[in-house]
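Colleague: Shown below is the structure under consideration.
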Amino acid sequence: MNDLTQLDEPIEVAQSMREEIRRVSHSTRARRLLISRVMTILCALALAIAAVPLILLLWQLVQRGAPQLTGTFFTKVPATPSLLDPNATGGLSNAIIGSIALNIYAAVMAIPVGVLVGVFLAESTSKFASALRIIAQTMAGAPSILMGLFAFSFVLQDLHVGFSAIAGSFALAVLMLPVIIISTEIAVLNVPNTLREAGLALGAKPHKVSLRIVLPSALTGIVTGSILAISRAIGETAPVLLVIGGGYLNSWQPFNPVSALPLSIYENAKSPWPSQRAQVWGAALVLVAFVFVLSLTARIWASRKQKVNN
Amino acid sequence: MSETQATNQQAVIERVPGHSAMQLKDVAVSFNGRVAVRDATFDVAKNRVTSLIGPSGSGKTTLLRALNRLHDLTPGAKVSGQILLEGTDIYRGDVTVTELRTRVGMVFQRPNPFPTMSIYDNVVSGLRFNGIKKKALLDEAAETSLRSAALWDSVETRLKVAASNLSGGEQQRLCIARALAMDPEVLLMDEPTSALDPIATLKIEELMTTLKERVTIVIVTHNMQQAARISDDCAFLLMGEDRAGELIEFDTTEKIFNNPNDPRTLDYTLGRFG
């Protein structure tokens with residue numbers, strides 16, 4: 001009997017506690033649900049605000065650019081409109097070829113150097129390596145006109161090379177370098193250390209481990225980084241502005257003056273002829289298409305990497 | 001301490017009538033002056049399985065990695081004492097580090113086949129790293145090592161497939177095959193089954209008992225049943241008061257598990273701590 005009465009009391013206390021807990025947690029849940037809904041609406045609103053200008057931009061680009069993309073646009077060099085023929089703008093084949101050539105030469109210069117430096121940064125712990133890393137990171141954030149000025153003073157004035165594709169490529173290569181270096185370093189650092197150890201434990205020399213195990217494992221990351229570097233460089237105006245000469249002819253020659261799509265946009269946008277100003281949108285659309293294809297390729301590469309890792 | 005060492009020495013004398021593959025004399029490993037493991041003195045007997053057991057932080061893996069000089073690349077790492085391979089000091093003798101590693105192979109905690117290589121390329125990678133190019137030789141080495149690792153039958157028809165397609169257990173046996181392809185004298189195994197399921201673990205344990213006929217095995221394990229099942233000799237390590245691991249006792253596995261000299265060994269093998 002005595003034992004039972006002693007037991008009753010704690011149960012009653014527990015009962016009232018349970019009710020209290022239920023009541024408080026119910027109101028807490030209701031409050032949190034409200035906050036959650038308000039936040040969701042705020043997020044959606046922010047998304048809309050961010051999306052509107054992007055969609056408008058894309059719409060403008062397609063609406064104004066698409067009609068410009070005629071056969072002439074891709075195959076003919078620029079012409080000069082006159083009062084007799086105010087729509088004789090010609091095409092921008094020189095700029096398209098120029099942009100492709102500039103970026104190919106730049107990639108050929110920047111990728112081997114950038115990859116080697118990136119591997120070095122990842123594998124070395126020396127003071128020189130950390131100094132190099134800081135320089136690369138600073139260069140990645142440097143204004144791109146600086147690369148143009150550098151190419152102008154170094155390639156044009158010091159080396160006495162005239163206005164040319166190679167001078168522009170040099171500027172773009174300097175622009176690509178930090179991106180390639182940093183992404184290579186990250187890709188190499190992401191290679192699990194156990195793979196290096198496995199190689200060393202088989203009696204492989206360190207350089208063979210780097211070359212035969214680490215680099216192949218990091219390849220997808222390196223390729224992705226290189227493609228992103230190119231897609232950044234292809235849209236740049238400032239580095240090439242001072243040095244490529246804005247040639248009006250189709251030329252793949254490294255030592256001839258060339259034009260580039262961003263440069264054509266810059267020049268034509270200042271034109272007094274409405275037809276030339278309209279042509280700008282075609283150039284912009286082609287440029288965006290290039291960047292789109294490049295970053296899509298980079299994404300496909302990156303997802304391939306994930307599949308391999310899984 | 002000296003007392004334990006004396007009994008250890010005695011055990012060595014009593015135990016090994018034949019030949020030692022490796023001999024450790026007062027081995028200590030430190031990182032930037034902080035001692036991680038010390039007082040390791042024992043002989044690794046040829047064609048036997050020697051296990052290193054002890055709780056986390058007792059320096060088992062650190063000690064194991066000293067045996068193929070894998071600490072060389074860690075800045076600040078220092079190995080003192082003597083480690084002899086067939087009588088030659090591996091740190092000071094006239095053996096290069098790459099040669100040493102071809103003679104003392106290693107299997108790691110997690111299966112680590114080279115992800116960009118096929119099964120075949122993985123097995124012969126060590127031979128290729130060491131300059132062997134002849135196809136017939138590589139083919140033969142691939143088949144014999146995969147057979148020794150009990151993997152040949154399941155991969156024979158898909159040698160060109162990426163190694164990452166294999167299951168975890170198969171990947172670990174591939175890593176064993178890769179190490180065996182170098183025809184090492186000693187095989188170091190760092191908790192080789194800790195990432196595997198019980199069935200895959202059993203297969204690897206079976207493998208070890210057959211492999212010891214051709215290669216001396218040193219294995220680090222957290223699993224005491226495993227040590228008891230597969231090893232012939234056993235080293236028990238424990239973290240000291242200054243957080244440095246030290247060798248407490250070394251003897252035959254039977255003695256360590258049934259009638260150890262040190263009460264701490266008994267406590268550990270009975271699961272009273274650790």
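Residues in the structure tokens are numbered from 1 in each chain, the chains being A, B, ... in the order shown, and ligands are numbered from 1 in the order shown.
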What are the residues of chain B that have an atom within 10 Å of an atom of chain A, counting only C-alpha atoms, as a ChimeraX atom specification?
Modeller: /B:65,68-70,73,75,96-117,125-131,162,164-165,175,178-182,184,188
Colleague: Please, could you write that set of residues out with C-alpha atoms as an mmCIF file, in the first residue's frame?
Modeller:
data_model
loop_
_atom_site.group_PDB
_atom_site.id
_atom_site.type_symbol
_atom_site.label_atom_id
_atom_site.label_comp_id
_atom_site.auth_asym_id
_atom_site.auth_seq_id
_atom_site.Cartn_x
_atom_site.Cartn_y
_atom_site.Cartn_z
ATOM 1 C CA ARG B 65 55.572 2.790 -41.736
ATOM 2 C CA ASN B 68 59.640 0.770 -45.502
ATOM 3 C CA ARG B 69 60.779 4.341 -44.823
ATOM 4 C CA LEU B 70 57.417 5.856 -45.631
ATOM 5 C CA LEU B 73 58.576 12.320 -46.964
ATOM 6 C CA PRO B 75 58.806 16.863 -42.812
ATOM 7 C CA THR B 96 68.349 2.840 -51.662
ATOM 8 C CA VAL B 97 64.865 3.748 -50.530
ATOM 9 C CA THR B 98 63.307 2.661 -53.831
ATOM 10 C CA GLU B 99 65.059 -0.714 -53.677
ATOM 11 C CA LEU B 100 63.981 -1.145 -50.071
ATOM 12 C CA ARG B 101 60.357 -0.545 -51.014
ATOM 13 C CA THR B 102 60.479 -3.132 -53.769
ATOM 14 C CA ARG B 103 61.702 -5.632 -51.154
ATOM 15 C CA VAL B 104 59.306 -4.506 -48.411
ATOM 16 C CA GLY B 105 55.844 -4.108 -49.923
ATOM 17 C CA MET B 106 52.827 -2.484 -48.326
ATOM 18 C CA VAL B 107 49.056 -2.841 -48.246
ATOM 19 C CA PHE B 108 47.145 0.090 -46.812
ATOM 20 C CA GLN B 109 44.168 0.559 -44.542
ATOM 21 C CA ARG B 110 41.757 1.467 -47.305
ATOM 22 C CA PRO B 111 41.960 -0.197 -50.701
ATOM 23 C CA ASN B 112 43.843 2.278 -52.892
ATOM 24 C CA PRO B 113 44.068 0.942 -56.441
ATOM 25 C CA PHE B 114 45.148 3.618 -58.924
ATOM 26 C CA PRO B 115 41.770 4.916 -60.155
ATOM 27 C CA THR B 116 42.928 5.840 -63.644
ATOM 28 C CA MET B 117 44.410 2.407 -64.343
ATOM 29 C CA SER B 125 52.358 -0.762 -62.087
ATOM 30 C CA GLY B 126 55.187 -1.426 -59.659
ATOM 31 C CA LEU B 127 57.131 -3.372 -62.276
ATOM 32 C CA ARG B 128 56.588 -0.584 -64.798
ATOM 33 C CA PHE B 129 57.692 2.075 -62.288
ATOM 34 C CA ASN B 130 60.894 0.106 -61.984
ATOM 35 C CA GLY B 131 61.511 0.069 -65.709
ATOM 36 C CA ALA B 162 38.999 0.075 -64.520
ATOM 37 C CA SER B 164 37.353 1.084 -59.507
ATOM 38 C CA ASN B 165 34.688 -1.342 -60.779
ATOM 39 C CA CYS B 175 46.324 -4.090 -53.867
ATOM 40 C CA ARG B 178 50.011 -5.289 -56.831
ATOM 41 C CA ALA B 179 52.392 -5.556 -53.882
ATOM 42 C CA LEU B 180 53.112 -9.258 -54.563
ATOM 43 C CA ALA B 181 54.003 -8.530 -58.180
ATOM 44 C CA MET B 182 57.225 -6.976 -56.938
ATOM 45 C CA PRO B 184 58.805 -8.668 -51.929
ATOM 46 C CA LEU B 188 53.500 -4.754 -44.442
#
Colleague: Which polymer residues have any atom within 6 Å of an atom of range 112-122 of chain A, counting only C-alpha atoms, with same-chain residues fewer than 3 positions away left out, as a list in words?
Modeller: Ala129, Leu177, Ile180, Ile181, Thr184, Glu185 and Leu189 of chain A
Colleague: Write a file of the just-selected residues containing N, CA and C atoms, as an mmCIF file, in the first residue's frame.
Modeller:
data_model
loop_
_atom_site.group_PDB
_atom_site.id
_atom_site.type_symbol
_atom_site.label_atom_id
_atom_site.label_comp_id
_atom_site.auth_asym_id
_atom_site.auth_seq_id
_atom_site.Cartn_x
_atom_site.Cartn_y
_atom_site.Cartn_z
ATOM 1 N N ALA A 129 57.639 28.216 -53.185
ATOM 2 C CA ALA A 129 56.317 27.790 -53.628
ATOM 3 C C ALA A 129 55.231 28.656 -53.010
ATOM 4 N N LEU A 177 46.855 32.219 -66.855
ATOM 5 C CA LEU A 177 47.816 31.515 -65.987
ATOM 6 C C LEU A 177 47.342 31.297 -64.550
ATOM 7 N N ILE A 180 44.604 28.696 -64.244
ATOM 8 C CA ILE A 180 45.071 27.323 -64.484
ATOM 9 C C ILE A 180 45.939 26.840 -63.320
ATOM 10 N N ILE A 181 46.818 27.723 -62.845
ATOM 11 C CA ILE A 181 47.702 27.341 -61.730
ATOM 12 C C ILE A 181 46.875 26.944 -60.514
ATOM 13 N N THR A 184 44.810 23.750 -61.074
ATOM 14 C CA THR A 184 45.678 22.569 -61.092
ATOM 15 C C THR A 184 46.129 22.214 -59.689
ATOM 16 N N GLU A 185 46.517 23.238 -58.929
ATOM 17 C CA GLU A 185 46.973 22.960 -57.563
ATOM 18 C C GLU A 185 45.870 22.279 -56.763
ATOM 19 N N LEU A 189 46.037 18.598 -55.219
ATOM 20 C CA LEU A 189 45.908 18.411 -53.771
ATOM 21 C C LEU A 189 44.747 17.479 -53.439
#
Colleague: Near range 152-162 of chain A, within 9 Å and counting only C-alpha atoms, which residues show up once chain neighbours fewer than 6 positions away are dropped, as a VMD selection string?
Modeller: chain A and resid 168 170 to 171 242 to 245 255 to 257
Colleague: Just the residues within 12 Å of Tyr248 in chain A, please, counting only C-alpha atoms, with nothing from its chain fewer than 6 positions along; format it as a PyMOL selection string.
Modeller: chain A and resi 76-80+90-98+256-260+263-264
Colleague: Please return as a list in words: the residues of range 192-267 of chain B that backbone DSSP assigns to strand (DSSP E or B).
Modeller: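 Put together, the selection reads Thr216, Ile217, Val218, Ile219, Val220, Asp233, Cys234, Ala235, Phe236, Leu237, Leu238, Met239, Gly245, Glu246, Leu247, Ile248, Glu249, Phe250, Asp251 and Thr252 of chain B.
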Colleague: I need the residues from that last selection saved to file as a PDB file, in the first residue's frame (with N, CA and C atoms), if you can.
Modeller:
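What landed in selection-v7.pdb:
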ATOM      1  N   THR B 216      57.109 -12.856 -45.787  1.00  0.00           N
ATOM      2  CA  THR B 216      56.944 -12.569 -44.365  1.00  0.00           C
ATOM      3  C   THR B 216      55.939 -11.432 -44.211  1.00  0.00           C
ATOM      4  N   ILE B 217      55.005 -11.585 -43.277  1.00  0.00           N
ATOM      5  CA  ILE B 217      53.954 -10.574 -43.158  1.00  0.00           C
ATOM      6  C   ILE B 217      54.024  -9.886 -41.799  1.00  0.00           C
ATOM      7  N   VAL B 218      53.937  -8.547 -41.832  1.00  0.00           N
ATOM      8  CA  VAL B 218      53.790  -7.773 -40.600  1.00  0.00           C
ATOM      9  C   VAL B 218      52.463  -7.038 -40.719  1.00  0.00           C
ATOM     10  N   ILE B 219      51.561  -7.256 -39.776  1.00  0.00           N
ATOM     11  CA  ILE B 219      50.232  -6.668 -39.899  1.00  0.00           C
ATOM     12  C   ILE B 219      49.877  -5.862 -38.657  1.00  0.00           C
ATOM     13  N   VAL B 220      49.339  -4.657 -38.898  1.00  0.00           N
ATOM     14  CA  VAL B 220      48.782  -3.862 -37.808  1.00  0.00           C
ATOM     15  C   VAL B 220      47.295  -4.165 -37.776  1.00  0.00           C
ATOM     16  N   ASP B 233      53.396 -14.395 -34.304  1.00  0.00           N
ATOM     17  CA  ASP B 233      54.038 -13.606 -33.266  1.00  0.00           C
ATOM     18  C   ASP B 233      53.253 -12.321 -33.085  1.00  0.00           C
ATOM     19  N   CYS B 234      53.410 -11.718 -31.935  1.00  0.00           N
ATOM     20  CA  CYS B 234      52.573 -10.565 -31.637  1.00  0.00           C
ATOM     21  C   CYS B 234      53.348  -9.553 -30.810  1.00  0.00           C
ATOM     22  N   ALA B 235      53.260  -8.283 -31.213  1.00  0.00           N
ATOM     23  CA  ALA B 235      53.864  -7.205 -30.444  1.00  0.00           C
ATOM     24  C   ALA B 235      52.737  -6.371 -29.867  1.00  0.00           C
ATOM     25  N   PHE B 236      52.785  -6.125 -28.567  1.00  0.00           N
ATOM     26  CA  PHE B 236      51.745  -5.314 -27.934  1.00  0.00           C
ATOM     27  C   PHE B 236      52.329  -3.947 -27.589  1.00  0.00           C
ATOM     28  N   LEU B 237      51.698  -2.904 -28.098  1.00  0.00           N
ATOM     29  CA  LEU B 237      52.156  -1.543 -27.840  1.00  0.00           C
ATOM     30  C   LEU B 237      51.102  -0.795 -27.036  1.00  0.00           C
ATOM     31  N   LEU B 238      51.567   0.196 -26.280  1.00  0.00           N
ATOM     32  CA  LEU B 238      50.657   0.964 -25.429  1.00  0.00           C
ATOM     33  C   LEU B 238      51.180   2.393 -25.332  1.00  0.00           C
ATOM     34  N   MET B 239      50.237   3.323 -25.193  1.00  0.00           N
ATOM     35  CA  MET B 239      50.649   4.713 -25.064  1.00  0.00           C
ATOM     36  C   MET B 239      51.115   4.972 -23.637  1.00  0.00           C
ATOM     37  N   GLY B 245      53.885   6.108 -27.789  1.00  0.00           N
ATOM     38  CA  GLY B 245      53.647   4.672 -27.762  1.00  0.00           C
ATOM     39  C   GLY B 245      54.928   3.926 -27.443  1.00  0.00           C
ATOM     40  N   GLU B 246      54.791   2.799 -26.761  1.00  0.00           N
ATOM     41  CA  GLU B 246      55.995   1.997 -26.522  1.00  0.00           C
ATOM     42  C   GLU B 246      55.649   0.522 -26.568  1.00  0.00           C
ATOM     43  N   LEU B 247      56.687  -0.268 -26.878  1.00  0.00           N
ATOM     44  CA  LEU B 247      56.489  -1.713 -26.929  1.00  0.00           C
ATOM     45  C   LEU B 247      56.402  -2.246 -25.508  1.00  0.00           C
ATOM     46  N   ILE B 248      55.309  -2.911 -25.183  1.00  0.00           N
ATOM     47  CA  ILE B 248      55.143  -3.458 -23.848  1.00  0.00           C
ATOM     48  C   ILE B 248      55.662  -4.888 -23.816  1.00  0.00           C
ATOM     49  N   GLU B 249      55.278  -5.635 -24.843  1.00  0.00           N
ATOM     50  CA  GLU B 249      55.627  -7.042 -24.811  1.00  0.00           C
ATOM     51  C   GLU B 249      55.659  -7.604 -26.221  1.00  0.00           C
ATOM     52  N   PHE B 250      56.608  -8.503 -26.455  1.00  0.00           N
ATOM     53  CA  PHE B 250      56.660  -9.183 -27.741  1.00  0.00           C
ATOM     54  C   PHE B 250      56.878 -10.666 -27.496  1.00  0.00           C
ATOM     55  N   ASP B 251      56.067 -11.473 -28.131  1.00  0.00           N
ATOM     56  CA  ASP B 251      56.219 -12.918 -27.931  1.00  0.00           C
ATOM     57  C   ASP B 251      55.414 -13.646 -29.002  1.00  0.00           C
ATOM     58  N   THR B 252      55.329 -14.962 -28.864  1.00  0.00           N
ATOM     59  CA  THR B 252      54.448 -15.688 -29.781  1.00  0.00           C
ATOM     60  C   THR B 252      53.016 -15.265 -29.479  1.00  0.00           C
TER      61      THR B 252
END
Colleague: Could you please determine the separation between CA of Glu170 in chain B and CA of Thr221 in chain B in Å, to one decimal place?
Modeller: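 Separation between CA of Glu170 in chain B and CA of Thr221 in chain B: 19.4 Å.
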Colleague: Do you have the CA of Ser226 in chain A-CA of Leu132 in chain A distance handy?
Modeller: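 Computing it gives 18.9 Å between the two atoms.
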Colleague: Might you pull out every residue within 8 Å of range 267-284 of chain A, with only C-alpha atoms counted and same-chain residues fewer than 4 positions away left off, and present them as number ranges by chain?
Modeller: A: 61, 64-69, 81, 86-89, 92, 261-263, 288
Colleague: May I ask which of the residues A:Ile35, A:Ala51, A:Met176, A:Leu149 is the closest one to Ala238 in chain A, counting only C-alpha atoms?
Modeller: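 Of A:Ile35, A:Ala51, A:Met176, A:Leu149, the one nearest Ala238 in chain A is A:Leu149, counting only C-alpha atoms.
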Colleague: Just checking: using only C-alpha atoms, which residue out of B:Arg48, B:Ile53, B:Val161, B:Thr193 ends up closest to Ile256 in chain B?
Modeller: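 Nearest to Ile256 in chain B: B:Ile53.
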Colleague: With distances taken over only C-alpha atoms, which of B:Val29, B:Leu85, B:Val44, B:Leu266 is nearest to Thr62 in chain B?
Modeller: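 Comparing B:Val29, B:Leu85, B:Val44, B:Leu266 against Thr62 in chain B, the winner is B:Val29.
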Colleague: I'd like the interatomic distance between CA of Gln82 in chain B and CA of Asp26 in chain B, to a tenth of an Å.
Modeller: 6.6 Å
Colleague: Need to verify the contact set: Tyr120 in chain B, 8 Å, only C-alpha atoms, exclusion of same-chain residues closer than 2 positions in sequence. Can you return it as JSON, numbers by chain?
Modeller: {"B": [117, 118, 122, 123, 124, 142, 159, 160]}
Colleague: Print the selection's residues with N, CA and C atoms to a file, as a PDB file, in the first residue's frame.
Modeller:
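Result saved to selection_29.pdb:
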ATOM      1  N   MET B 117      43.813   3.565 -63.677  1.00  0.00           N
ATOM      2  CA  MET B 117      44.410   2.407 -64.343  1.00  0.00           C
ATOM      3  C   MET B 117      43.449   1.221 -64.335  1.00  0.00           C
ATOM      4  N   SER B 118      43.645   0.320 -65.318  1.00  0.00           N
ATOM      5  CA  SER B 118      42.866  -0.910 -65.355  1.00  0.00           C
ATOM      6  C   SER B 118      43.384  -1.876 -64.287  1.00  0.00           C
ATOM      7  N   ASN B 122      47.151  -1.863 -62.868  1.00  0.00           N
ATOM      8  CA  ASN B 122      47.407  -1.747 -61.443  1.00  0.00           C
ATOM      9  C   ASN B 122      48.397  -2.799 -60.967  1.00  0.00           C
ATOM     10  N   VAL B 123      48.148  -4.049 -61.377  1.00  0.00           N
ATOM     11  CA  VAL B 123      48.995  -5.136 -60.874  1.00  0.00           C
ATOM     12  C   VAL B 123      50.441  -4.946 -61.319  1.00  0.00           C
ATOM     13  N   VAL B 124      50.637  -4.541 -62.571  1.00  0.00           N
ATOM     14  CA  VAL B 124      52.015  -4.446 -63.070  1.00  0.00           C
ATOM     15  C   VAL B 124      52.613  -3.055 -62.870  1.00  0.00           C
ATOM     16  N   ALA B 142      51.473 -10.513 -63.822  1.00  0.00           N
ATOM     17  CA  ALA B 142      50.085 -10.164 -63.523  1.00  0.00           C
ATOM     18  C   ALA B 142      49.305 -11.411 -63.142  1.00  0.00           C
ATOM     19  N   LEU B 159      40.434  -7.930 -67.389  1.00  0.00           N
ATOM     20  CA  LEU B 159      41.673  -7.314 -66.920  1.00  0.00           C
ATOM     21  C   LEU B 159      41.811  -5.861 -67.342  1.00  0.00           C
ATOM     22  N   LYS B 160      41.127  -5.498 -68.449  1.00  0.00           N
ATOM     23  CA  LYS B 160      41.287  -4.135 -68.972  1.00  0.00           C
ATOM     24  C   LYS B 160      40.265  -3.165 -68.388  1.00  0.00           C
TER      25      LYS B 160
END
Colleague: Would you give me, as an MDAnalysis selection string, the residues in range 35-230 of chain B that DSSP reads as alpha helix (DSSP H)?
Modeller: chainID B and resid 60:66 97:103 119:129 135:148 152:155 168:180 198:211 224:230
Colleague: Find, counting only C-alpha atoms, the residue in B:Ile132, B:Asn223, B:Ala28, B:Lys212 that gets nearest to Ser148 in chain B.
Modeller: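 Using only C-alpha atoms, Ser148 in chain B sits closest to B:Lys212.
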Colleague: Counting only C-alpha atoms, which residue out of B:Lys133, B:Lys60, B:Lys78, B:Arg38 sits closest to Gly240 in chain B?
Modeller: B:Arg38
